[in-house]
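To start, the structure under review is shown below, and the notes come after it.
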Amino acid sequence: MPLRQQLLTARPRPPLRHALLWAVRVVALLAAGYVLAVAALGVVPRPREAPPLPACCLLAPGERAAGAAQGPEPATEPGAGQDRNRGMQEGDAPDGPPVTIYVISNGVHADIVLPARVEGETGLAELLGLQGAADAAASSAGQPRLTARTHLAVGWGAREFYLATPTWDEVRPGVALRALALAPAALHVDVMAGPPLADADTRVLRLARQGYRGLVAFVAASLLRDAAGRPVPIPVPGNAGNGDAGQGPSYGPDSLFYEATGRFSPVRTCNTWAADALAAAGARAPLWTPLPHFVLHHLPVAR
């Protein structure tokens, strides 16, 4: 039978099958576009003009005891906006010495590590209400014990996935899939006895004071707050003092969680948040990335 006649006599595809084929094509195109966007936008750095400090929730040094919340006055640095990497690597800023921070990655997720306290500044410990945790009473009450070397590793991510997955060996497919569907977010803070050890997945940055304030203000803006303006802790199974020890996934007493703004999605991931935080600090960051590789890609390797 001639080909033309075969085409004329061919039975039409059922509507459902036709719709499924088009759906598969659309999904394949979206997936290919996503992969291309990850590869292209991850290697492109953000514009170099200095970003404004987010206005949120920072405690002025004289108001820490009262718990009042306000944003700091932006500091003006000579040459701001000319070379952001150079500015954060050079010597003392006019209003104080630089603050050393770290960016660490486990291959899937990037965290930013800051000193718990910085002299003359609102530190992350004060921001989270941990300023009284250095004494024995606070430590026995379930708060982590802080020392002069204490650092806090902070990251943002899907709330349910964070709480259900203390280690990657405990990943559950259902929880991971739900995290991609605009899942509510949480801020994870891991208390470290000292700064992280240098390795291939660690970057060391020295931030001028304005950059440090921008970073802390960005973290502050990521926290949901109660009616009194305080961060909202999330009880975590396994932590001392929450009554859930031994039930479900277990974290140690040095893992803290707080309710956070935003929702997790394939477009807004934990690593996108880390890149945004670095940009708020004046560091180099990718235009957009859901992967930790491109977060580290733009940062200088310690030698």
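Here's how to read the names in the structure tokens: chain A, B, ... by the order shown, residue numbers from 1 in each chain, ligand numbers from 1 in the order shown.
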Extract, using only C-alpha atoms, all DNA, RNA and protein residues at most 10 Å from Ala260 in chain A, discarding same-chain residues fewer than 2 positions from it, and format them as a PyMOL selection string.
chain A and resi 156-159+184-188+219-225+231-233+257-258+262-263
Near Asp201 in chain A, counting only C-alpha atoms, which residues have an atom at most 6 Å away, once you skip same-chain residues fewer than 2 positions from it, shown as a VMD selection string?
chain A and resid 104 to 105 199
Using only C-alpha atoms, find each residue in range 104-126 of chain A having at least one atom no more than 10 Å away from range 268-275 of chain A; report its shortest atom-to-atom pair and that distance in Å (one decimal), rows by chain then rising number, as a Markdown table.
```
| residue | atom | partner | partner_atom | distance |
| --- | --- | --- | --- | --- |
| A:Ser105 | CA | A:Asn271 | CA | 9.6 |
| A:Val108 | CA | A:Asn271 | CA | 8.5 |
| A:His109 | CA | A:Asn271 | CA | 6.3 |
| A:Ala110 | CA | A:Asn271 | CA | 5.8 |
| A:Asp111 | CA | A:Ala274 | CA | 6.8 |
| A:Ile112 | CA | A:Ala274 | CA | 7.0 |
```
Counting only C-alpha atoms, the option among A:Asp276, A:Glu126, A:Glu259, A:Asp95 closest to Tyr162 in chain A
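Answer, going by the shortest atom-to-atom distance: A:Glu259.
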Using only C-alpha atoms, find each residue in range 273-298 of chain A having at least one atom no more than 10 Å away from range 21-40 of chain A; report its shortest atom-to-atom pair and that distance in Å (one decimal), rows by chain then rising number, as JSON lines.
```
{"residue": "A:Pro286", "atom": "CA", "partner": "A:Ala40", "partner_atom": "CA", "distance": 9.9}
{"residue": "A:Leu287", "atom": "CA", "partner": "A:Ala40", "partner_atom": "CA", "distance": 9.2}
{"residue": "A:Trp288", "atom": "CA", "partner": "A:Val38", "partner_atom": "CA", "distance": 7.5}
{"residue": "A:Thr289", "atom": "CA", "partner": "A:Val38", "partner_atom": "CA", "distance": 5.8}
{"residue": "A:Pro290", "atom": "CA", "partner": "A:Val38", "partner_atom": "CA", "distance": 7.1}
{"residue": "A:Leu291", "atom": "CA", "partner": "A:Val38", "partner_atom": "CA", "distance": 8.0}
{"residue": "A:Phe294", "atom": "CA", "partner": "A:Ala39", "partner_atom": "CA", "distance": 8.9}
```
Taking only range 111-199 of chain A into account, list the residues labelled alpha helix (DSSP H) by DSSP (computed from the backbone), as a ChimeraX atom specification.
/A:124-127,136-140,159-164,173-179
